[in-house]
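J.: Quick one: the structure is below, and I'll ask about it shortly.
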Amino acid sequence: MSVLLSEDHGGVRTLTLNRPERRNAIDPELWLALAQALRAADTSDDVRAVVLTGAGGAFCSGADIGTGEAVHPRRKLQRLTDVALTLHNLSVPTIAKVTGVAVGAGWNLALGCDFVVATPESRFCQIFAKRGLSVDLGGSWLLPKIVGLQQAKRLVMLADMISAAEAHRLGLVSWVQEATEIDAFVDELAGRLAGGPPFALAQSKALLNDGAAVSFAQALANEARAQPGNFATTDAGEAYAAFAAERDPSFTGTWAVPSAVETTKE
């Protein structure tokens, strides 16, 4: 049985953590499989959005620390780093579909996605302190940027379990949907993202990720460098044409500038 399931539909790739007997705790095999799957999604022209979820009614109970693997801790942490960085740098939009618990590295895995959708029954915990560990998988960077420093310290140092409602109030969950409705909601959301202008969305995602760490002047300069690339695709023209024709646009991200070889031939 594969520890990670992958399914494609309509430009959306759904990756499902598949260790339900361990509430999808991530063991060495799953860390490696997840990093590989994320890299594959980022290099596929057919993938326009990624949904990350868990099997068996839980999202992820964190790293599986009970494997007894005789590997140096730095090597173990490198696996986490590979997943966190690959997910953060993924050019396509990402959605975490959270049912059940998202704990420790499992919660930070969800926070590494662009959007988090949960059910009212979902529960979240930065459990590290209760395990004698410090925060990892990017939580030290993600949490302060989302909730501010004091709330981040509360969540990490006290390691309390919080509800989906509180997580939503703090901005750690984008939407809360009933368990009977979350699949349809995420399908529609992923479809909307997959139908968007891929190059423009990728650039906006990168600009927003970088924007928190640069000055306003640097952010404006980054935007000015990025925007001409959008005009060099067919998507900008398609958007104007669709608006004029009162129809929905069909975005492809196709490069519209003739190559140097083509120009020379002419």
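How things are named: the first chain in the structure tokens is A, the next is B, and so on; residues count from 1 in each chain; ligands count from 1 in the order shown.
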Go through stretch 97-242 of chain A and collect every residue that DSSP, computed from the backbone, puts in alpha helix (DSSP H); the answer should be as number ranges by chain.
T.: A: 105-111, 139-147, 149-158, 164-169, 182-194, 198-211, 216-231, 234-242
J.: Find the residues of stretch 175-239 of chain A that sit at most 10 Å from stretch 85-89 of chain A; for each, write down the nearest two atoms and how far apart they are in Å, to one decimal. Count only C-alpha atoms. Sort by chain, then by number going up, and give it as CSV.
T.:
residue,atom,partner,partner_atom,distance
A:Ala202,CA,A:Asn89,CA,9.6
A:Lys205,CA,A:Asn89,CA,9.0
A:Ala206,CA,A:Asn89,CA,7.6
A:Asn209,CA,A:His88,CA,8.4
J.: Considering only strand (DSSP E) as DSSP defines it on the backbone, what residues of stretch 22-87 of chain A qualify? List them as a list in words.
T.: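 Those in stretch 22-87 of chain A that DSSP calls strand (DSSP E) are Ala49, Val50, Val51, Leu52, Thr53 and Gly54 of chain A.
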J.: For stretch 142-149 of chain A, work out the shell of residues within 12 Å, counting only C-alpha atoms and skipping chain neighbours fewer than 4 positions away, then give it as an mmCIF file with all heavy atoms, in the first residue's frame.
T.:
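For reference, part-v6.cif as written:
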data_model
loop_
_atom_site.group_PDB
_atom_site.id
_atom_site.type_symbol
_atom_site.label_atom_id
_atom_site.label_comp_id
_atom_site.auth_asym_id
_atom_site.auth_seq_id
_atom_site.Cartn_x
_atom_site.Cartn_y
_atom_site.Cartn_z
ATOM 1 N N ALA A 84 9.277 21.219 3.346
ATOM 2 C CA ALA A 84 8.804 22.572 3.650
ATOM 3 C C ALA A 84 9.199 23.558 2.562
ATOM 4 O O ALA A 84 8.375 24.377 2.117
ATOM 5 C CB ALA A 84 9.346 23.021 5.000
ATOM 6 N N HIS A 88 6.700 25.441 -0.084
ATOM 7 C CA HIS A 88 6.673 26.904 -0.058
ATOM 8 C C HIS A 88 6.966 27.493 -1.439
ATOM 9 O O HIS A 88 6.356 28.487 -1.851
ATOM 10 C CB HIS A 88 7.692 27.419 0.953
ATOM 11 C CG HIS A 88 7.765 28.905 1.052
ATOM 12 N ND1 HIS A 88 6.795 29.665 1.679
ATOM 13 C CD2 HIS A 88 8.691 29.788 0.603
ATOM 14 C CE1 HIS A 88 7.114 30.938 1.616
ATOM 15 N NE2 HIS A 88 8.267 31.043 0.962
ATOM 16 N N ALA A 105 4.261 19.090 13.146
ATOM 17 C CA ALA A 105 4.696 19.259 11.765
ATOM 18 C C ALA A 105 3.523 19.114 10.800
ATOM 19 O O ALA A 105 3.526 19.702 9.723
ATOM 20 C CB ALA A 105 5.789 18.250 11.420
ATOM 21 N N TRP A 107 0.480 20.282 11.300
ATOM 22 C CA TRP A 107 -0.189 21.586 11.215
ATOM 23 C C TRP A 107 0.647 22.548 10.390
ATOM 24 O O TRP A 107 0.133 23.271 9.532
ATOM 25 C CB TRP A 107 -0.423 22.148 12.611
ATOM 26 C CG TRP A 107 -1.260 23.394 12.626
ATOM 27 C CD1 TRP A 107 -1.922 23.963 11.572
ATOM 28 C CD2 TRP A 107 -1.546 24.228 13.750
ATOM 29 N NE1 TRP A 107 -2.592 25.097 11.958
ATOM 30 C CE2 TRP A 107 -2.375 25.280 13.298
ATOM 31 C CE3 TRP A 107 -1.175 24.185 15.084
ATOM 32 C CZ2 TRP A 107 -2.830 26.280 14.149
ATOM 33 C CZ3 TRP A 107 -1.636 25.182 15.934
ATOM 34 C CH2 TRP A 107 -2.461 26.211 15.472
ATOM 35 N N ASN A 108 1.959 22.532 10.589
ATOM 36 C CA ASN A 108 2.807 23.439 9.815
ATOM 37 C C ASN A 108 2.857 23.051 8.339
ATOM 38 O O ASN A 108 3.066 23.915 7.484
ATOM 39 C CB ASN A 108 4.201 23.500 10.431
ATOM 40 C CG ASN A 108 4.183 24.175 11.793
ATOM 41 O OD1 ASN A 108 3.293 24.974 12.083
ATOM 42 N ND2 ASN A 108 5.138 23.844 12.646
ATOM 43 N N LEU A 109 2.651 21.769 8.055
ATOM 44 C CA LEU A 109 2.515 21.346 6.667
ATOM 45 C C LEU A 109 1.287 22.001 6.042
ATOM 46 O O LEU A 109 1.341 22.496 4.903
ATOM 47 C CB LEU A 109 2.398 19.825 6.595
ATOM 48 C CG LEU A 109 2.327 19.195 5.201
ATOM 49 C CD1 LEU A 109 3.622 19.392 4.442
ATOM 50 C CD2 LEU A 109 1.991 17.708 5.315
ATOM 51 N N ALA A 110 0.193 22.031 6.774
ATOM 52 C CA ALA A 110 -1.021 22.696 6.281
ATOM 53 C C ALA A 110 -0.797 24.195 6.127
ATOM 54 O O ALA A 110 -1.206 24.799 5.128
ATOM 55 C CB ALA A 110 -2.190 22.428 7.231
ATOM 56 N N LEU A 111 -0.125 24.809 7.108
ATOM 57 C CA LEU A 111 0.126 26.255 7.051
ATOM 58 C C LEU A 111 1.054 26.617 5.905
ATOM 59 O O LEU A 111 1.047 27.767 5.439
ATOM 60 C CB LEU A 111 0.710 26.741 8.372
ATOM 61 C CG LEU A 111 -0.208 26.702 9.588
ATOM 62 C CD1 LEU A 111 0.539 27.161 10.827
ATOM 63 C CD2 LEU A 111 -1.453 27.551 9.363
ATOM 64 N N GLY A 112 1.850 25.661 5.437
ATOM 65 C CA GLY A 112 2.720 25.910 4.304
ATOM 66 C C GLY A 112 1.973 26.016 2.992
ATOM 67 O O GLY A 112 2.548 26.457 1.983
ATOM 68 N N CYS A 113 0.701 25.617 2.980
ATOM 69 C CA CYS A 113 -0.129 25.742 1.780
ATOM 70 C C CYS A 113 -0.680 27.166 1.685
ATOM 71 O O CYS A 113 -0.729 27.905 2.670
ATOM 72 C CB CYS A 113 -1.278 24.736 1.815
ATOM 73 S SG CYS A 113 -0.757 23.006 1.721
ATOM 74 N N ASP A 114 -1.142 27.531 0.502
ATOM 75 C CA ASP A 114 -1.664 28.881 0.288
ATOM 76 C C ASP A 114 -3.019 29.082 0.948
ATOM 77 O O ASP A 114 -3.361 30.206 1.356
ATOM 78 C CB ASP A 114 -1.786 29.156 -1.210
ATOM 79 C CG ASP A 114 -0.447 29.054 -1.917
ATOM 80 O OD1 ASP A 114 0.543 29.587 -1.388
ATOM 81 O OD2 ASP A 114 -0.380 28.431 -2.993
ATOM 82 N N GLN A 126 0.282 22.913 18.115
ATOM 83 C CA GLN A 126 1.740 22.962 17.986
ATOM 84 C C GLN A 126 2.311 22.150 19.151
ATOM 85 O O GLN A 126 2.790 22.686 20.139
ATOM 86 C CB GLN A 126 2.220 24.410 18.023
ATOM 87 C CG GLN A 126 1.768 25.261 16.869
ATOM 88 C CD GLN A 126 2.510 24.922 15.573
ATOM 89 O OE1 GLN A 126 3.673 24.537 15.588
ATOM 90 N NE2 GLN A 126 1.823 25.081 14.448
ATOM 91 N N VAL A 135 9.800 23.989 17.834
ATOM 92 C CA VAL A 135 8.956 24.057 16.643
ATOM 93 C C VAL A 135 9.785 23.801 15.386
ATOM 94 O O VAL A 135 10.947 24.206 15.306
ATOM 95 C CB VAL A 135 8.238 25.422 16.580
ATOM 96 C CG1 VAL A 135 9.233 26.562 16.522
ATOM 97 C CG2 VAL A 135 7.256 25.488 15.433
ATOM 98 N N ASP A 136 9.190 23.103 14.401
ATOM 99 C CA ASP A 136 9.901 22.850 13.145
ATOM 100 C C ASP A 136 8.941 22.901 11.962
ATOM 101 O O ASP A 136 7.797 23.333 12.086
ATOM 102 C CB ASP A 136 10.676 21.527 13.185
ATOM 103 C CG ASP A 136 9.803 20.290 13.353
ATOM 104 O OD1 ASP A 136 8.601 20.346 13.022
ATOM 105 O OD2 ASP A 136 10.316 19.248 13.804
ATOM 106 N N LEU A 137 9.422 22.478 10.809
ATOM 107 C CA LEU A 137 8.725 22.511 9.524
ATOM 108 C C LEU A 137 8.219 23.920 9.183
ATOM 109 O O LEU A 137 7.130 24.104 8.651
ATOM 110 C CB LEU A 137 7.569 21.503 9.450
ATOM 111 C CG LEU A 137 7.279 21.036 8.011
ATOM 112 C CD1 LEU A 137 8.344 20.043 7.552
ATOM 113 C CD2 LEU A 137 5.907 20.444 7.846
ATOM 114 N N GLY A 138 9.017 24.921 9.552
ATOM 115 C CA GLY A 138 8.701 26.293 9.169
ATOM 116 C C GLY A 138 7.760 27.023 10.093
ATOM 117 O O GLY A 138 7.419 28.181 9.828
ATOM 118 N N LYS A 153 3.900 32.725 20.042
ATOM 119 C CA LYS A 153 4.522 32.193 21.253
ATOM 120 C C LYS A 153 3.501 31.429 22.099
ATOM 121 O O LYS A 153 3.825 30.385 22.690
ATOM 122 C CB LYS A 153 5.146 33.329 22.058
ATOM 123 C CG LYS A 153 6.407 33.906 21.424
ATOM 124 C CD LYS A 153 6.951 35.049 22.248
ATOM 125 C CE LYS A 153 8.247 35.586 21.628
ATOM 126 N NZ LYS A 153 8.779 36.746 22.392
ATOM 127 N N ARG A 154 2.294 31.940 22.188
ATOM 128 C CA ARG A 154 1.257 31.229 22.954
ATOM 129 C C ARG A 154 1.011 29.849 22.371
ATOM 130 O O ARG A 154 0.972 28.840 23.093
ATOM 131 C CB ARG A 154 -0.043 32.032 22.953
ATOM 132 C CG ARG A 154 -1.222 31.280 23.583
ATOM 133 C CD ARG A 154 -2.478 32.118 23.593
ATOM 134 N NE ARG A 154 -3.145 32.184 22.316
ATOM 135 C CZ ARG A 154 -4.094 31.326 21.906
ATOM 136 N NH1 ARG A 154 -4.445 30.307 22.679
ATOM 137 N NH2 ARG A 154 -4.668 31.489 20.745
ATOM 138 N N LEU A 155 0.832 29.797 21.053
ATOM 139 C CA LEU A 155 0.511 28.523 20.411
ATOM 140 C C LEU A 155 1.648 27.519 20.552
ATOM 141 O O LEU A 155 1.407 26.328 20.790
ATOM 142 C CB LEU A 155 0.206 28.757 18.928
ATOM 143 C CG LEU A 155 -1.074 29.538 18.624
ATOM 144 C CD1 LEU A 155 -1.106 29.954 17.161
ATOM 145 C CD2 LEU A 155 -2.308 28.719 18.980
ATOM 146 N N VAL A 156 2.894 28.002 20.420
ATOM 147 C CA VAL A 156 4.039 27.100 20.452
ATOM 148 C C VAL A 156 4.443 26.728 21.879
ATOM 149 O O VAL A 156 4.660 25.555 22.194
ATOM 150 C CB VAL A 156 5.232 27.727 19.705
ATOM 151 C CG1 VAL A 156 6.500 26.905 19.924
ATOM 152 C CG2 VAL A 156 4.922 27.828 18.214
ATOM 153 N N MET A 157 4.536 27.708 22.773
ATOM 154 C CA MET A 157 5.063 27.438 24.108
ATOM 155 C C MET A 157 4.070 26.710 25.008
ATOM 156 O O MET A 157 4.455 25.894 25.843
ATOM 157 C CB MET A 157 5.513 28.741 24.757
ATOM 158 C CG MET A 157 6.719 29.356 24.072
ATOM 159 S SD MET A 157 7.284 30.851 24.905
ATOM 160 C CE MET A 157 8.716 31.271 23.903
ATOM 161 N N GLU A 166 -11.392 28.765 16.426
ATOM 162 C CA GLU A 166 -10.350 29.674 16.897
ATOM 163 C C GLU A 166 -9.263 29.845 15.846
ATOM 164 O O GLU A 166 -8.757 30.952 15.631
ATOM 165 C CB GLU A 166 -9.734 29.177 18.196
ATOM 166 C CG GLU A 166 -8.689 30.144 18.736
ATOM 167 C CD GLU A 166 -8.134 29.768 20.088
ATOM 168 O OE1 GLU A 166 -8.523 28.722 20.641
ATOM 169 O OE2 GLU A 166 -7.287 30.539 20.601
ATOM 170 N N ALA A 167 -8.906 28.736 15.190
ATOM 171 C CA ALA A 167 -7.896 28.823 14.133
ATOM 172 C C ALA A 167 -8.357 29.749 13.017
ATOM 173 O O ALA A 167 -7.575 30.538 12.469
ATOM 174 C CB ALA A 167 -7.594 27.429 13.579
ATOM 175 N N HIS A 168 -9.641 29.707 12.692
ATOM 176 C CA HIS A 168 -10.195 30.587 11.665
ATOM 177 C C HIS A 168 -10.160 32.041 12.139
ATOM 178 O O HIS A 168 -9.806 32.947 11.380
ATOM 179 C CB HIS A 168 -11.625 30.169 11.343
ATOM 180 C CG HIS A 168 -12.260 30.980 10.269
ATOM 181 N ND1 HIS A 168 -13.212 31.953 10.535
ATOM 182 C CD2 HIS A 168 -12.089 30.982 8.918
ATOM 183 C CE1 HIS A 168 -13.588 32.511 9.395
ATOM 184 N NE2 HIS A 168 -12.928 31.946 8.407
ATOM 185 N N ARG A 169 -10.493 32.271 13.408
ATOM 186 C CA ARG A 169 -10.475 33.634 13.953
ATOM 187 C C ARG A 169 -9.069 34.224 13.920
ATOM 188 O O ARG A 169 -8.887 35.425 13.669
ATOM 189 C CB ARG A 169 -11.003 33.616 15.395
ATOM 190 C CG ARG A 169 -11.011 34.978 16.074
ATOM 191 C CD ARG A 169 -11.566 34.897 17.485
ATOM 192 N NE ARG A 169 -10.766 34.043 18.346
ATOM 193 C CZ ARG A 169 -9.632 34.404 18.939
ATOM 194 N NH1 ARG A 169 -9.165 35.639 18.759
ATOM 195 N NH2 ARG A 169 -8.986 33.575 19.717
ATOM 196 N N LEU A 170 -8.056 33.389 14.113
ATOM 197 C CA LEU A 170 -6.678 33.850 14.124
ATOM 198 C C LEU A 170 -6.091 33.980 12.723
ATOM 199 O O LEU A 170 -4.970 34.462 12.565
ATOM 200 C CB LEU A 170 -5.810 32.880 14.939
ATOM 201 C CG LEU A 170 -6.046 32.856 16.453
ATOM 202 C CD1 LEU A 170 -5.279 31.700 17.084
ATOM 203 C CD2 LEU A 170 -5.628 34.184 17.080
ATOM 204 N N GLY A 171 -6.837 33.551 11.724
ATOM 205 C CA GLY A 171 -6.342 33.611 10.358
ATOM 206 C C GLY A 171 -5.506 32.411 9.956
ATOM 207 O O GLY A 171 -4.838 32.423 8.917
ATOM 208 N N LEU A 172 -5.536 31.340 10.743
ATOM 209 C CA LEU A 172 -4.773 30.130 10.456
ATOM 210 C C LEU A 172 -5.552 29.148 9.594
ATOM 211 O O LEU A 172 -4.989 28.163 9.102
ATOM 212 C CB LEU A 172 -4.370 29.449 11.767
ATOM 213 C CG LEU A 172 -3.412 30.278 12.632
ATOM 214 C CD1 LEU A 172 -3.421 29.786 14.072
ATOM 215 C CD2 LEU A 172 -2.005 30.232 12.061
ATOM 216 N N VAL A 173 -6.827 29.405 9.426
ATOM 217 C CA VAL A 173 -7.695 28.622 8.539
ATOM 218 C C VAL A 173 -8.422 29.609 7.637
ATOM 219 O O VAL A 173 -8.953 30.621 8.113
ATOM 220 C CB VAL A 173 -8.708 27.768 9.340
ATOM 221 C CG1 VAL A 173 -9.806 27.235 8.448
ATOM 222 C CG2 VAL A 173 -7.997 26.619 10.045
ATOM 223 N N SER A 174 -8.441 29.321 6.341
ATOM 224 C CA SER A 174 -9.086 30.231 5.393
ATOM 225 C C SER A 174 -10.598 30.105 5.425
ATOM 226 O O SER A 174 -11.317 31.103 5.376
ATOM 227 C CB SER A 174 -8.574 29.943 3.966
ATOM 228 O OG SER A 174 -7.179 29.829 3.926
ATOM 229 N N LEU A 208 4.026 37.740 -3.053
ATOM 230 C CA LEU A 208 3.439 37.804 -1.722
ATOM 231 C C LEU A 208 4.315 37.101 -0.690
ATOM 232 O O LEU A 208 4.483 37.590 0.435
ATOM 233 C CB LEU A 208 2.037 37.177 -1.734
ATOM 234 C CG LEU A 208 0.978 37.987 -2.482
ATOM 235 C CD1 LEU A 208 -0.274 37.136 -2.701
ATOM 236 C CD2 LEU A 208 0.622 39.251 -1.725
ATOM 237 N N ASN A 209 4.871 35.951 -1.059
ATOM 238 C CA ASN A 209 5.755 35.245 -0.136
ATOM 239 C C ASN A 209 6.981 36.081 0.198
ATOM 240 O O ASN A 209 7.443 36.112 1.339
ATOM 241 C CB ASN A 209 6.191 33.904 -0.733
ATOM 242 C CG ASN A 209 5.108 32.850 -0.646
ATOM 243 O OD1 ASN A 209 4.177 32.957 0.141
ATOM 244 N ND2 ASN A 209 5.236 31.814 -1.459
ATOM 245 N N ASP A 210 7.521 36.752 -0.808
ATOM 246 C CA ASP A 210 8.720 37.564 -0.590
ATOM 247 C C ASP A 210 8.403 38.910 0.050
ATOM 248 O O ASP A 210 9.263 39.506 0.704
ATOM 249 C CB ASP A 210 9.445 37.815 -1.912
ATOM 250 C CG ASP A 210 10.031 36.541 -2.506
ATOM 251 O OD1 ASP A 210 10.164 35.549 -1.763
ATOM 252 O OD2 ASP A 210 10.338 36.538 -3.716
ATOM 253 N N GLY A 211 7.173 39.378 -0.157
ATOM 254 C CA GLY A 211 6.831 40.728 0.275
ATOM 255 C C GLY A 211 6.958 40.959 1.759
ATOM 256 O O GLY A 211 7.246 42.082 2.194
ATOM 257 N N ALA A 212 6.776 39.918 2.544
ATOM 258 C CA ALA A 212 6.852 40.078 3.998
ATOM 259 C C ALA A 212 8.268 40.342 4.484
ATOM 260 O O ALA A 212 8.464 40.779 5.615
ATOM 261 C CB ALA A 212 6.297 38.829 4.680
ATOM 262 N N ALA A 213 9.258 40.068 3.635
ATOM 263 C CA ALA A 213 10.641 40.177 4.084
ATOM 264 C C ALA A 213 11.418 41.285 3.378
ATOM 265 O O ALA A 213 12.627 41.407 3.560
ATOM 266 C CB ALA A 213 11.357 38.840 3.862
#
J.: With only C-alpha atoms as the counted atoms, please give the residues lying no more than 12 Å from A:Ser204, apart from itself and same-chain residues fewer than 3 positions off, as a PyMOL selection string.
T.: chain A and resi 91-93+114+196-201+207-211+219+222-227+229-230
J.: If we count only C-alpha atoms and set the cut-off at 12 Å, which residues sit around A:Leu77, ignoring sequence neighbours fewer than 2 positions away in its own chain? Please answer as a PDB file with C-alpha atoms, in the first residue's frame.
T.:
ATOM      1  CA  ASP A  27       7.572   8.455   8.597  1.00  0.00           C
ATOM      2  CA  PRO A  28      10.843   8.531   6.576  1.00  0.00           C
ATOM      3  CA  TRP A  31       8.735  12.388   3.884  1.00  0.00           C
ATOM      4  CA  LEU A  32      10.690  11.254   0.841  1.00  0.00           C
ATOM      5  CA  ALA A  63       6.273  13.460  12.276  1.00  0.00           C
ATOM      6  CA  ILE A  65       8.947   9.854  16.020  1.00  0.00           C
ATOM      7  CA  VAL A  71      19.995   8.106  11.364  1.00  0.00           C
ATOM      8  CA  HIS A  72      21.680  11.319  12.516  1.00  0.00           C
ATOM      9  CA  PRO A  73      19.054  13.908  13.548  1.00  0.00           C
ATOM     10  CA  ARG A  74      20.420  16.404  11.019  1.00  0.00           C
ATOM     11  CA  ARG A  75      19.640  13.917   8.242  1.00  0.00           C
ATOM     12  CA  ARG A  79      13.845  15.540   4.994  1.00  0.00           C
ATOM     13  CA  LEU A  80      11.491  17.975   6.707  1.00  0.00           C
ATOM     14  CA  THR A  81      13.362  20.936   5.265  1.00  0.00           C
ATOM     15  CA  ASP A  82      13.108  19.499   1.752  1.00  0.00           C
ATOM     16  CA  VAL A  83       9.327  19.149   2.051  1.00  0.00           C
ATOM     17  CA  ALA A  84       8.804  22.572   3.650  1.00  0.00           C
ATOM     18  CA  ALA A 105       4.696  19.259  11.765  1.00  0.00           C
ATOM     19  CA  VAL A 135       8.956  24.057  16.643  1.00  0.00           C
ATOM     20  CA  ASP A 136       9.901  22.850  13.145  1.00  0.00           C
ATOM     21  CA  LEU A 137       8.725  22.511   9.524  1.00  0.00           C
ATOM     22  CA  GLY A 138       8.701  26.293   9.169  1.00  0.00           C
TER      23      GLY A 138
END
J.: Env of A:Ala129: 7 Å cut, atoms = only C-alpha atoms, seq-sep filter 3 positions within chain, self excluded. Answer as a PyMOL selection string.
T.: chain A and resi 132-134+157+159
J.: Please produce an output containing C-alpha atoms for each residue in the selection, written as an mmCIF file, in the first residue's frame.
T.:
data_model
loop_
_atom_site.group_PDB
_atom_site.id
_atom_site.type_symbol
_atom_site.label_atom_id
_atom_site.label_comp_id
_atom_site.auth_asym_id
_atom_site.auth_seq_id
_atom_site.Cartn_x
_atom_site.Cartn_y
_atom_site.Cartn_z
ATOM 1 C CA GLY A 132 10.317 18.114 24.608
ATOM 2 C CA LEU A 133 10.986 19.542 21.159
ATOM 3 C CA SER A 134 11.156 22.964 19.529
ATOM 4 C CA MET A 157 5.063 27.438 24.108
ATOM 5 C CA ALA A 159 1.024 23.755 22.940
#
J.: Within 10 Å of A:Val50, counting only C-alpha atoms, which residues show up once you throw out same-chain ones fewer than 6 positions away? Write them as a PyMOL selection string, please.
T.: chain A and resi 7-8+11-15+38+41-42+87+90+92-96+113-114+190+193-194
J.: Interatomic distance between atom CA of A:Phe251 and atom CA of A:Pro228?
T.: 16.8 Å
J.: I'd like to know which of A:Asp45, A:Glu181, A:Glu246, A:Glu21 is closest to A:Thr119, using only C-alpha atoms.
T.: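 When distances to A:Thr119 are compared using only C-alpha atoms, the smallest one comes from A:Glu181.
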J.: Just the number, please: distance in Å from atom CA of A:Arg48 to atom CA of A:Trp141, one decimal.
T.: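 Here the two named atoms are 26.1 Å from each other.
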